[in-house]
file upload-v9.cif (mmCIF, C-alpha atoms)
data_data
loop_
_atom_site.label_atom_id
_atom_site.label_comp_id
_atom_site.auth_asym_id
_atom_site.auth_seq_id
_atom_site.Cartn_x
_atom_site.Cartn_y
_atom_site.Cartn_z
CA MET A 1020 -55.25 22.68 -121.58
CA LYS A 1021 -56.11 21.22 -125.00
CA VAL A 1022 -59.82 20.66 -124.36
CA VAL A 1023 -62.22 22.52 -122.08
CA ASN A 1024 -64.47 20.02 -120.30
CA PHE A 1025 -67.85 21.56 -119.46
CA GLY A 1026 -70.56 20.62 -117.03
CA ILE A 1027 -74.09 21.99 -117.31
CA ILE A 1028 -76.09 22.87 -114.22
CA GLY A 1029 -79.75 22.98 -115.22
CA CYS A 1030 -80.05 21.06 -118.50
CA GLY A 1031 -83.52 22.32 -119.38
CA ALA A 1032 -85.18 23.65 -122.53
CA VAL A 1033 -82.63 26.35 -123.36
CA THR A 1034 -79.86 23.74 -123.58
CA GLU A 1035 -81.66 21.43 -126.00
CA VAL A 1036 -80.83 23.34 -129.21
CA LYS A 1037 -79.80 26.91 -128.45
CA SER A 1038 -76.69 26.15 -126.44
CA GLY A 1039 -76.07 22.58 -125.29
CA PRO A 1040 -75.00 21.01 -128.62
CA ALA A 1041 -72.43 23.78 -129.11
CA PHE A 1042 -70.24 22.30 -126.38
CA GLN A 1043 -70.05 19.09 -128.40
CA LYS A 1044 -69.55 20.70 -131.82
CA ILE A 1045 -66.86 23.29 -131.10
CA GLU A 1046 -63.25 22.22 -131.49
CA GLY A 1047 -61.56 22.29 -128.11
CA ALA A 1048 -64.76 21.81 -126.12
CA ASN A 1049 -66.35 18.75 -124.57
CA LEU A 1050 -69.61 18.28 -122.65
CA LEU A 1051 -68.59 15.91 -119.88
CA ALA A 1052 -71.43 16.12 -117.36
CA VAL A 1053 -74.93 17.47 -116.78
CA MET A 1054 -76.93 18.13 -113.62
CA ARG A 1055 -80.57 18.74 -112.83
CA ARG A 1056 -82.78 17.77 -109.88
CA ASP A 1057 -85.38 15.80 -111.86
CA GLU A 1058 -83.61 12.45 -112.22
CA GLU A 1059 -85.89 11.05 -114.91
CA LYS A 1060 -85.46 14.10 -117.16
CA LEU A 1061 -81.75 14.18 -116.36
CA LYS A 1062 -81.17 10.60 -117.49
CA ASP A 1063 -83.22 11.21 -120.63
CA TYR A 1064 -81.17 14.30 -121.50
CA ALA A 1065 -77.85 12.56 -120.91
CA LYS A 1066 -78.90 9.61 -123.07
CA ARG A 1067 -80.22 11.73 -125.95
CA HIS A 1068 -77.18 14.02 -125.98
CA ASN A 1069 -74.60 11.30 -125.31
CA VAL A 1070 -73.27 12.92 -122.14
CA PRO A 1071 -71.13 10.42 -120.18
CA LYS A 1072 -71.71 11.77 -116.65
CA TYR A 1073 -74.88 12.95 -114.98
CA THR A 1074 -75.93 13.74 -111.43
CA THR A 1075 -78.74 15.30 -109.40
CA ASN A 1076 -76.17 16.72 -106.96
CA TYR A 1077 -74.49 19.94 -108.10
CA LEU A 1078 -71.60 19.41 -105.65
CA GLU A 1079 -70.73 16.13 -107.31
CA LEU A 1080 -70.36 18.00 -110.59
CA LEU A 1081 -68.36 20.86 -109.05
CA LYS A 1082 -66.02 18.48 -107.21
CA ASP A 1083 -65.23 16.60 -110.44
CA LYS A 1084 -61.59 17.48 -111.14
CA ASP A 1085 -62.04 16.67 -114.83
CA ILE A 1086 -64.50 19.55 -115.30
CA ASP A 1087 -62.92 22.89 -116.17
CA ALA A 1088 -65.96 25.11 -116.71
CA VAL A 1089 -69.63 25.21 -115.76
CA TYR A 1090 -72.56 26.45 -117.83
CA ILE A 1091 -75.28 27.64 -115.45
CA ALA A 1092 -78.60 27.33 -117.30
CA THR A 1093 -81.02 27.41 -114.37
CA PRO A 1094 -83.78 29.98 -113.85
CA PRO A 1095 -82.35 33.42 -112.86
CA ASN A 1096 -83.03 33.08 -109.15
CA MET A 1097 -80.29 30.42 -108.91
CA HIS A 1098 -77.60 32.11 -111.06
CA HIS A 1099 -76.02 33.87 -108.09
CA PHE A 1100 -75.88 30.77 -105.89
CA TYR A 1101 -74.40 28.42 -108.47
CA THR A 1102 -71.90 31.01 -109.73
CA LEU A 1103 -70.52 31.52 -106.23
CA GLU A 1104 -70.36 27.78 -105.67
CA ALA A 1105 -68.63 27.14 -109.00
CA ALA A 1106 -66.07 29.87 -108.31
CA LYS A 1107 -65.22 28.34 -104.93
CA TYR A 1108 -64.32 25.11 -106.74
CA GLY A 1109 -62.22 26.96 -109.33
CA LYS A 1110 -64.54 26.38 -112.29
CA ALA A 1111 -64.83 28.95 -115.07
CA VAL A 1112 -68.43 30.21 -115.28
CA TYR A 1113 -70.67 30.72 -118.30
CA VAL A 1114 -74.01 31.89 -116.87
CA GLU A 1115 -77.34 32.42 -118.58
CA LYS A 1116 -78.94 35.84 -118.86
CA PRO A 1117 -80.12 37.89 -117.14
CA MET A 1118 -76.95 37.57 -115.11
CA ALA A 1119 -78.87 37.48 -111.81
CA MET A 1120 -81.93 38.82 -110.03
CA THR A 1121 -80.40 42.07 -108.78
CA VAL A 1122 -77.45 44.40 -109.20
CA THR A 1123 -76.17 43.37 -105.78
CA GLU A 1124 -76.11 39.72 -106.81
CA CYS A 1125 -74.21 40.59 -109.99
CA GLU A 1126 -71.63 42.56 -108.01
CA GLU A 1127 -71.10 39.64 -105.64
CA MET A 1128 -70.72 37.20 -108.54
CA ILE A 1129 -68.06 39.39 -110.14
CA GLN A 1130 -66.17 39.82 -106.86
CA VAL A 1131 -66.18 36.15 -105.89
CA CYS A 1132 -65.03 35.08 -109.36
CA LYS A 1133 -62.28 37.70 -109.20
CA ASP A 1134 -61.22 36.58 -105.72
CA ASN A 1135 -60.98 32.97 -106.95
CA ASN A 1136 -59.28 33.93 -110.23
CA VAL A 1137 -62.18 32.44 -112.19
CA PRO A 1138 -63.31 33.74 -115.62
CA LEU A 1139 -66.94 34.88 -115.70
CA PHE A 1140 -68.93 34.99 -118.94
CA VAL A 1141 -72.60 35.95 -119.40
CA ALA A 1142 -74.65 34.35 -122.19
CA TYR A 1143 -75.56 37.51 -124.11
CA TYR A 1144 -75.02 35.48 -127.23
CA ARG A 1145 -75.90 38.14 -129.80
CA ARG A 1146 -72.42 39.50 -129.14
CA GLY A 1147 -71.09 36.46 -130.97
CA GLN A 1148 -73.43 36.47 -133.96
CA ASP A 1149 -72.38 37.70 -137.41
CA LYS A 1150 -75.24 40.19 -137.75
CA PHE A 1151 -74.37 42.22 -134.70
CA ASN A 1152 -70.63 42.02 -135.30
CA LYS A 1153 -71.25 43.28 -138.84
CA VAL A 1154 -73.26 46.24 -137.54
CA LYS A 1155 -70.57 47.05 -134.99
CA GLU A 1156 -67.94 46.89 -137.74
CA MET A 1157 -70.02 49.21 -139.95
CA LEU A 1158 -70.42 51.73 -137.14
CA GLU A 1159 -66.72 51.70 -136.32
CA SER A 1160 -65.75 52.09 -140.00
CA LYS A 1161 -68.24 54.99 -140.31
CA GLU A 1162 -70.22 53.25 -143.06
CA ILE A 1163 -73.12 55.62 -142.24
CA GLY A 1164 -70.90 58.47 -141.07
CA GLU A 1165 -70.89 59.65 -137.48
CA VAL A 1166 -73.57 57.88 -135.43
CA ARG A 1167 -76.03 60.49 -134.17
CA SER A 1168 -78.91 58.64 -132.54
CA PHE A 1169 -80.95 55.46 -132.40
CA GLN A 1170 -84.50 54.39 -131.79
CA TYR A 1171 -85.63 50.91 -130.77
CA PHE A 1172 -89.25 49.84 -130.89
CA TYR A 1173 -90.48 46.43 -129.80
CA THR A 1174 -94.02 45.25 -129.22
CA SER A 1175 -95.61 41.85 -128.70
CA GLY A 1176 -98.76 40.43 -127.21
CA ILE A 1177 -99.31 39.63 -123.55
CA PRO A 1178 -97.20 36.50 -123.00
CA LYS A 1179 -98.78 33.17 -122.24
CA GLY A 1180 -97.27 30.55 -119.99
CA ASP A 1181 -94.44 28.52 -121.51
CA PRO A 1182 -94.68 24.84 -120.43
CA ASN A 1183 -90.91 24.51 -120.95
CA ARG A 1184 -90.24 27.54 -118.75
CA PRO A 1185 -93.20 27.81 -116.34
CA TRP A 1186 -91.13 30.08 -114.09
CA LEU A 1187 -90.53 32.76 -116.76
CA LEU A 1188 -93.32 35.12 -115.75
CA SER A 1189 -92.77 34.69 -112.01
CA LYS A 1190 -91.25 37.81 -110.45
CA GLU A 1191 -89.84 35.71 -107.61
CA VAL A 1192 -88.01 33.33 -109.96
CA ALA A 1193 -87.22 35.35 -113.11
CA GLY A 1194 -87.03 38.90 -111.77
CA GLY A 1195 -89.07 41.07 -114.08
CA GLY A 1196 -91.05 39.30 -116.79
CA LEU A 1197 -90.13 39.89 -120.43
CA LEU A 1198 -88.24 43.08 -119.56
CA TYR A 1199 -85.66 40.96 -117.75
CA ASP A 1200 -85.89 37.99 -120.12
CA ILE A 1201 -85.63 39.40 -123.64
CA GLY A 1202 -85.28 43.06 -122.61
CA SER A 1203 -81.88 42.17 -121.19
CA HIS A 1204 -80.77 41.02 -124.65
CA MET A 1205 -81.95 44.32 -126.10
CA ILE A 1206 -80.10 46.49 -123.60
CA ASP A 1207 -76.91 44.43 -123.83
CA THR A 1208 -77.03 44.77 -127.62
CA MET A 1209 -77.09 48.58 -127.26
CA ILE A 1210 -74.06 48.44 -124.98
CA PHE A 1211 -72.26 46.10 -127.39
CA LEU A 1212 -72.92 48.37 -130.38
CA PHE A 1213 -72.53 51.82 -128.85
CA GLY A 1214 -70.12 51.37 -125.93
CA ASP A 1215 -70.15 52.47 -122.31
CA VAL A 1216 -73.27 54.16 -120.98
CA LYS A 1217 -73.09 57.70 -119.55
CA GLN A 1218 -76.62 57.83 -118.19
CA ALA A 1219 -79.96 56.07 -118.45
CA SER A 1220 -83.51 56.99 -117.46
CA GLY A 1221 -86.73 55.05 -117.75
CA ILE A 1222 -90.33 54.67 -116.75
CA SER A 1223 -92.10 51.36 -116.48
CA CYS A 1224 -95.46 50.09 -115.28
CA ASN A 1225 -97.85 47.17 -115.28
CA GLN A 1226 -100.27 48.63 -117.79
CA SER A 1227 -102.48 45.66 -118.64
CA LYS A 1228 -102.48 44.11 -115.14
CA ALA A 1229 -102.57 40.73 -116.88
CA LEU A 1230 -99.53 39.52 -114.92
CA ASN A 1231 -97.67 40.53 -111.79
CA VAL A 1232 -94.83 42.22 -113.71
CA ASN A 1233 -94.35 45.47 -115.60
CA ASP A 1234 -95.33 45.12 -119.26
CA VAL A 1235 -94.48 48.51 -120.78
CA THR A 1236 -91.17 50.38 -120.56
CA SER A 1237 -89.88 53.61 -122.08
CA GLY A 1238 -86.19 54.41 -121.74
CA ILE A 1239 -83.54 56.91 -122.77
CA LEU A 1240 -79.87 55.95 -123.06
CA GLN A 1241 -76.93 58.29 -123.53
CA PHE A 1242 -73.51 56.77 -124.15
CA LYS A 1243 -70.10 58.20 -123.27
CA ASN A 1244 -69.49 58.98 -126.95
CA ASN A 1245 -72.70 61.10 -126.79
CA ILE A 1246 -74.75 58.77 -128.96
CA GLN A 1247 -78.21 58.79 -127.49
CA GLY A 1248 -81.62 57.39 -128.24
CA SER A 1249 -84.84 55.86 -127.04
CA ILE A 1250 -86.21 52.42 -126.28
CA GLN A 1251 -89.92 51.56 -126.30
CA LEU A 1252 -90.88 48.07 -125.12
CA SER A 1253 -94.53 47.03 -125.03
CA PHE A 1254 -95.23 43.45 -123.99
CA ASN A 1255 -98.99 43.94 -124.12
CA GLY A 1256 -99.82 44.97 -127.70
CA ASN A 1257 -101.71 43.33 -130.55
CA GLU A 1258 -98.83 42.91 -133.01
CA ARG A 1259 -95.19 41.88 -133.20
CA ARG A 1260 -92.69 44.58 -134.17
CA ASP A 1261 -88.95 44.61 -133.65
CA GLU A 1262 -86.86 47.39 -135.18
CA LEU A 1263 -83.66 49.16 -134.20
CA THR A 1264 -82.93 52.23 -136.34
CA ILE A 1265 -79.44 53.72 -136.14
CA ILE A 1266 -79.12 57.20 -137.62
CA GLY A 1267 -75.76 58.43 -138.91
CA SER A 1268 -74.60 61.63 -140.58
CA LYS A 1269 -74.47 59.86 -143.98
CA GLY A 1270 -77.06 57.11 -143.73
CA SER A 1271 -78.91 54.72 -141.47
CA ILE A 1272 -79.12 51.05 -140.52
CA LYS A 1273 -82.28 49.15 -139.61
CA LEU A 1274 -82.35 45.72 -138.05
CA PRO A 1275 -84.33 43.57 -135.61
CA ILE A 1276 -82.69 42.50 -132.38
CA MET A 1277 -84.82 39.50 -131.44
CA LEU A 1278 -85.93 38.36 -134.91
CA TYR A 1279 -83.76 37.20 -137.80
CA ASP A 1280 -85.09 39.43 -140.57
CA ASN A 1281 -82.66 41.14 -142.93
CA LEU A 1282 -80.46 44.08 -142.02
CA THR A 1283 -81.16 47.19 -144.14
CA VAL A 1284 -78.64 49.92 -144.96
CA ILE A 1285 -79.90 53.23 -146.36
CA LYS A 1286 -77.50 55.76 -147.92
CA GLU A 1287 -78.27 58.67 -150.25
CA ASP A 1288 -81.85 57.52 -150.78
CA LYS A 1289 -80.63 54.09 -151.86
CA SER A 1290 -80.90 50.95 -149.78
CA TYR A 1291 -79.64 47.40 -149.74
CA GLU A 1292 -80.24 44.41 -147.50
CA ILE A 1293 -77.91 41.88 -145.92
CA GLU A 1294 -79.28 38.50 -144.95
CA PHE A 1295 -78.25 36.79 -141.73
CA PRO A 1296 -80.08 33.47 -141.31
CA GLN A 1297 -80.72 32.24 -137.79
CA PRO A 1298 -77.89 29.93 -136.69
CA GLU A 1299 -78.88 26.36 -135.88
CA HIS A 1300 -77.44 26.84 -132.39
CA VAL A 1301 -77.76 30.54 -131.60
CA GLN A 1302 -75.23 30.50 -128.77
CA LEU A 1303 -72.53 28.60 -130.66
CA PRO A 1304 -70.58 31.64 -131.97
CA LEU A 1305 -70.27 33.14 -128.49
CA ILE A 1306 -69.50 29.81 -126.84
CA LYS A 1307 -66.73 29.35 -129.40
CA ARG A 1308 -65.20 32.64 -128.23
CA VAL A 1309 -65.54 31.54 -124.62
CA VAL A 1310 -63.82 28.22 -125.35
CA ASN A 1311 -61.00 29.85 -127.32
CA THR A 1312 -60.50 32.42 -124.55
CA LEU A 1313 -60.17 29.64 -121.98
CA LEU A 1314 -57.65 27.95 -124.31
CA GLY A 1315 -55.66 31.18 -124.66
CA LYS A 1316 -56.59 31.65 -128.33
CA ASP A 1317 -58.95 34.63 -127.90
CA ASN A 1318 -59.40 37.55 -125.53
CA TYR A 1319 -63.14 37.74 -124.87
CA ASP A 1320 -64.11 39.71 -121.75
CA THR A 1321 -63.80 37.45 -118.68
CA SER A 1322 -64.96 40.00 -116.09
CA GLY A 1323 -68.76 39.69 -116.37
CA VAL A 1324 -69.01 43.49 -116.00
CA TYR A 1325 -71.15 43.88 -119.13
CA GLY A 1326 -73.75 41.65 -117.44
CA LEU A 1327 -73.71 43.96 -114.42
CA ARG A 1328 -74.17 47.06 -116.59
CA THR A 1329 -77.18 45.52 -118.28
CA GLN A 1330 -78.66 44.62 -114.89
CA GLU A 1331 -78.15 48.17 -113.65
CA ILE A 1332 -80.12 49.55 -116.57
CA LEU A 1333 -82.84 46.90 -116.23
CA GLU A 1334 -83.38 47.94 -112.63
CA THR A 1335 -83.26 51.63 -113.58
CA PHE A 1336 -86.00 51.14 -116.17
CA GLU A 1337 -88.09 48.82 -114.00
CA ASN A 1338 -88.00 51.21 -111.04
CA SER A 1339 -88.58 54.36 -113.14
CA THR A 1340 -85.36 56.03 -112.03
CA THR A 1341 -82.13 57.45 -113.45
CA ILE A 1342 -78.53 56.21 -113.26
CA LYS A 1343 -75.43 58.23 -114.13
CA TYR A 1344 -71.89 56.97 -114.60
CA GLU A 1345 -68.70 58.92 -114.10
CA ILE A 1346 -67.13 59.92 -117.40
#
call {"tool": "encode", "arguments": {"input": "upload-v9.cif", "output": "structure tokens"}}
result
Amino acid sequence: MKVVNFGIIGCGAVTEVKSGPAFQKIEGANLLAVMRRDEEKLKDYAKRHNVPKYTTNYLELLKDKDIDAVYIATPPNMHHFYTLEAAKYGKAVYVEKPMAMTVTECEEMIQVCKDNNVPLFVAYYRRGQDKFNKVKEMLESKEIGEVRSFQYFYTSGIPKGDPNRPWLLSKEVAGGGLLYDIGSHMIDTMIFLFGDVKQASGISCNQSKALNVNDVTSGILQFKNNIQGSIQLSFNGNERRDELTIIGSKGSIKLPIMLYDNLTVIKEDKSYEIEFPQPEHVQLPLIKRVVNTLLGKDNYDTSGVYGLRTQEILETFENSTTIKYEI
């Protein structure tokens, strides 16, 4: 395989800038076909993005022998269905986050892809970005000594409906409001930076009653390397704050997860900042790794298990319970 031909199922708002153009800009990748049910919007998308094939029938896309991989960019309630269908037709899967609606769905997706020998990738794209790879490198090189603990604090106002994603705040379609939407990015980032989780506990409730989803969550995570810390997510406040603080034996690192403000390193009462501008296409670095892995030039995780782990913790926090993993 010299080029990976992709098809997109669900070419909506997220694919306009964040992800879609990456398949046309990365060497070794090609966007061959797109699918969505709204024919008028589908034709418009294909024309604007110069995509040669388009269809309102997902089976037509999956049966296309020229397509090697499928990017599933639908709302979360359809991730499980389309992943299983794509795997049956032997297509590699790159699925949007959160991976699915439930842990059970994630487990089934992993098993079916494994049974069909199909690679499964989840679009937790911060794993590909320079900022988070730099932090991971600094932690592994002990730039701030031994990592002791972390604290993450995020607050934003009560969300309003997004005309581009009217389903986002629907529990039946998206799972769990902003906790599942952006909270999944936050939890996956912790796993990426600190490693495998040993145990997690959380409490969550619908504090404001403004929507039919929980809007405040407090969580504790302990990792297998005994790094532990807290997460406070408030989607009902009056300000926007986004700060992860990582405490080491010789210094600390501060950075936002969702925003693109500078990373700050503090050592011996001195500090310096590193700037990481927002990429034009935020998913491009990760998609590049996915493409190169499919071409045999990289070894990015093809199991999808990290998506399952994030989902397990999301459900633990949402349901105010505790999960423990065997060491």
call {"tool": "closest_residue", "arguments": {"input": "upload-v9.cif", "among": "A:Lys1269, A:Lys1161, A:Arg1055, A:Lys1150", "to": "Glu1287 of chain A", "atoms": "only C-alpha atoms"}}
result
A:Lys1269
call {"tool": "residues_near_point", "arguments": {"input": "upload-v9.cif", "point": "(-75.8, 53.2, -142.9)", "cutoff": "6 Å", "atoms": "all atoms listed in the file", "output": "ChimeraX atom specification"}}
result
/A:1162-1163,1270-1272,1284-1286
call {"tool": "closest_atom_pairs", "arguments": {"input": "upload-v9.cif", "of": "segment 1078-1126 of chain A", "to": "segment 1299-1322 of chain A", "cutoff": "10 Å", "atoms": "only C-alpha atoms", "output": "tab-separated table"}}
result
residue	atom	partner	partner_atom	distance
A:Asp1087	CA	A:Leu1313	CA	9.3
A:Ala1088	CA	A:Leu1313	CA	9.0
A:Ala1111	CA	A:Leu1313	CA	8.4
A:Val1112	CA	A:Thr1321	CA	9.2
A:Tyr1113	CA	A:Val1309	CA	8.2
call {"tool": "resolve_selection", "arguments": {"input": "upload-v9.cif", "expression": "the PyMOL selection byres ((chain A and resi 1217-1219) around 12)", "output": "PyMOL selection string"}}
result
chain A and resi 1206+1209-1210+1213-1216+1220-1222+1237-1250+1328-1329+1331-1346
call {"tool": "resolve_selection", "arguments": {"input": "upload-v9.cif", "expression": "the PyMOL selection byres ((chain A and resi 1054) around 8)", "output": "NGL selection string"}}
result
:A and (1026-1030 or 1052-1053 or 1055-1056 or 1061 or 1073-1077 or 1080)
call {"tool": "resolve_selection", "arguments": {"input": "upload-v9.cif", "expression": "the PyMOL selection byres ((chain A and resi 1224-1226) around 9)", "output": "list in words"}}
result
Ile1222, Ser1223, Ser1227, Lys1228, Ala1229, Leu1230, Asn1231, Val1232, Asn1233, Asp1234, Val1235, Thr1236, Asn1255, Glu1337, Asn1338 and Ser1339 of chain A
call {"tool": "closest_residue", "arguments": {"input": "upload-v9.cif", "among": "A:Ile1293, A:Leu1187, A:Ala1193, A:Val1324", "to": "Leu1139 of chain A", "atoms": "only C-alpha atoms"}}
result
A:Val1324
call {"tool": "closest_residue", "arguments": {"input": "upload-v9.cif", "among": "A:Leu1158, A:Ala1105, A:Ala1065, A:Val1192", "to": "Asn1136 of chain A", "atoms": "all atoms listed in the file"}}
result
A:Ala1105
call {"tool": "atom_distance", "arguments": {"input": "upload-v9.cif", "atom1": "atom CA of Gln1148 of chain A", "atom2": "atom CA of Leu1188 of chain A"}}
result
27.0 Å
call {"tool": "atom_distance", "arguments": {"input": "upload-v9.cif", "atom1": "atom CA of Phe1151 of chain A", "atom2": "atom CA of Asp1280 of chain A"}}
result
12.5 Å
call {"tool": "closest_residue", "arguments": {"input": "upload-v9.cif", "among": "A:Phe1042, A:Phe1254, A:Trp1186, A:Phe1172", "to": "Ile1276 of chain A", "atoms": "all atoms listed in the file"}}
result
A:Phe1172
call {"tool": "atom_distance", "arguments": {"input": "upload-v9.cif", "atom1": "atom CA of Val1036 of chain A", "atom2": "atom CA of Lys1021 of chain A"}}
result
25.2 Å
call {"tool": "residues_around", "arguments": {"input": "upload-v9.cif", "residues": "Ser1175 of chain A", "least_positions_apart": "5", "cutoff": "8 Å", "atoms": "all atoms listed in the file", "output": "PyMOL selection string"}}
result
chain A and resi 1253-1260
call {"tool": "closest_residue", "arguments": {"input": "upload-v9.cif", "among": "A:Thr1034, A:Asn1152, A:Thr1102, A:Ser1168", "to": "Val1089 of chain A", "atoms": "only C-alpha atoms"}}
result
A:Thr1102
call {"tool": "build_atoms", "arguments": {"input": "upload-v9.cif", "residues": "segment 1189-1204 of chain A", "atoms": "N, CA, C and O atoms", "output": "PDB file, in the frame of the given file"}}
result
ATOM      1  N   SER A1189     -92.740  34.563-113.465  1.00  0.00           N
ATOM      2  CA  SER A1189     -92.770  34.690-112.010  1.00  0.00           C
ATOM      3  C   SER A1189     -91.736  35.712-111.559  1.00  0.00           C
ATOM      4  O   SER A1189     -90.536  35.530-111.799  1.00  0.00           O
ATOM      5  N   LYS A1190     -92.166  36.767-110.926  1.00  0.00           N
ATOM      6  CA  LYS A1190     -91.250  37.810-110.450  1.00  0.00           C
ATOM      7  C   LYS A1190     -90.257  37.247-109.444  1.00  0.00           C
ATOM      8  O   LYS A1190     -89.092  37.659-109.400  1.00  0.00           O
ATOM      9  N   GLU A1191     -90.703  36.281-108.639  1.00  0.00           N
ATOM     10  CA  GLU A1191     -89.840  35.710-107.610  1.00  0.00           C
ATOM     11  C   GLU A1191     -88.743  34.819-108.187  1.00  0.00           C
ATOM     12  O   GLU A1191     -87.683  34.660-107.589  1.00  0.00           O
ATOM     13  N   VAL A1192     -88.973  34.258-109.367  1.00  0.00           N
ATOM     14  CA  VAL A1192     -88.010  33.330-109.960  1.00  0.00           C
ATOM     15  C   VAL A1192     -87.214  33.959-111.095  1.00  0.00           C
ATOM     16  O   VAL A1192     -86.005  33.719-111.243  1.00  0.00           O
ATOM     17  N   ALA A1193     -87.871  34.796-111.912  1.00  0.00           N
ATOM     18  CA  ALA A1193     -87.220  35.350-113.110  1.00  0.00           C
ATOM     19  C   ALA A1193     -86.896  36.828-113.000  1.00  0.00           C
ATOM     20  O   ALA A1193     -86.205  37.368-113.863  1.00  0.00           O
ATOM     21  N   GLY A1194     -87.411  37.507-111.996  1.00  0.00           N
ATOM     22  CA  GLY A1194     -87.030  38.900-111.770  1.00  0.00           C
ATOM     23  C   GLY A1194     -88.002  39.928-112.272  1.00  0.00           C
ATOM     24  O   GLY A1194     -88.562  40.682-111.491  1.00  0.00           O
ATOM     25  N   GLY A1195     -88.241  39.983-113.570  1.00  0.00           N
ATOM     26  CA  GLY A1195     -89.070  41.070-114.080  1.00  0.00           C
ATOM     27  C   GLY A1195     -89.742  40.794-115.403  1.00  0.00           C
ATOM     28  O   GLY A1195     -89.773  41.652-116.293  1.00  0.00           O
ATOM     29  N   GLY A1196     -90.292  39.607-115.581  1.00  0.00           N
ATOM     30  CA  GLY A1196     -91.050  39.300-116.790  1.00  0.00           C
ATOM     31  C   GLY A1196     -90.197  39.414-118.052  1.00  0.00           C
ATOM     32  O   GLY A1196     -88.992  39.155-118.039  1.00  0.00           O
ATOM     33  N   LEU A1197     -90.838  39.813-119.158  1.00  0.00           N
ATOM     34  CA  LEU A1197     -90.130  39.890-120.430  1.00  0.00           C
ATOM     35  C   LEU A1197     -89.106  41.004-120.466  1.00  0.00           C
ATOM     36  O   LEU A1197     -88.159  40.964-121.249  1.00  0.00           O
ATOM     37  N   LEU A1198     -89.266  42.029-119.632  1.00  0.00           N
ATOM     38  CA  LEU A1198     -88.240  43.080-119.560  1.00  0.00           C
ATOM     39  C   LEU A1198     -86.905  42.478-119.159  1.00  0.00           C
ATOM     40  O   LEU A1198     -85.870  42.796-119.754  1.00  0.00           O
ATOM     41  N   TYR A1199     -86.907  41.586-118.179  1.00  0.00           N
ATOM     42  CA  TYR A1199     -85.660  40.960-117.750  1.00  0.00           C
ATOM     43  C   TYR A1199     -85.241  39.835-118.692  1.00  0.00           C
ATOM     44  O   TYR A1199     -84.050  39.618-118.900  1.00  0.00           O
ATOM     45  N   ASP A1200     -86.206  39.138-119.260  1.00  0.00           N
ATOM     46  CA  ASP A1200     -85.890  37.990-120.120  1.00  0.00           C
ATOM     47  C   ASP A1200     -85.321  38.435-121.463  1.00  0.00           C
ATOM     48  O   ASP A1200     -84.118  38.324-121.698  1.00  0.00           O
ATOM     49  N   ILE A1201     -86.139  38.976-122.331  1.00  0.00           N
ATOM     50  CA  ILE A1201     -85.630  39.400-123.640  1.00  0.00           C
ATOM     51  C   ILE A1201     -85.172  40.861-123.623  1.00  0.00           C
ATOM     52  O   ILE A1201     -84.313  41.255-124.417  1.00  0.00           O
ATOM     53  N   GLY A1202     -85.729  41.671-122.716  1.00  0.00           N
ATOM     54  CA  GLY A1202     -85.280  43.060-122.610  1.00  0.00           C
ATOM     55  C   GLY A1202     -83.807  43.154-122.267  1.00  0.00           C
ATOM     56  O   GLY A1202     -83.113  44.085-122.680  1.00  0.00           O
ATOM     57  N   SER A1203     -83.304  42.177-121.519  1.00  0.00           N
ATOM     58  CA  SER A1203     -81.880  42.170-121.190  1.00  0.00           C
ATOM     59  C   SER A1203     -81.030  41.992-122.441  1.00  0.00           C
ATOM     60  O   SER A1203     -79.963  42.609-122.575  1.00  0.00           O
ATOM     61  N   HIS A1204     -81.474  41.158-123.376  1.00  0.00           N
ATOM     62  CA  HIS A1204     -80.770  41.020-124.650  1.00  0.00           C
ATOM     63  C   HIS A1204     -80.727  42.351-125.390  1.00  0.00           C
ATOM     64  O   HIS A1204     -79.711  42.725-125.983  1.00  0.00           O
TER      65      HIS A1204
END
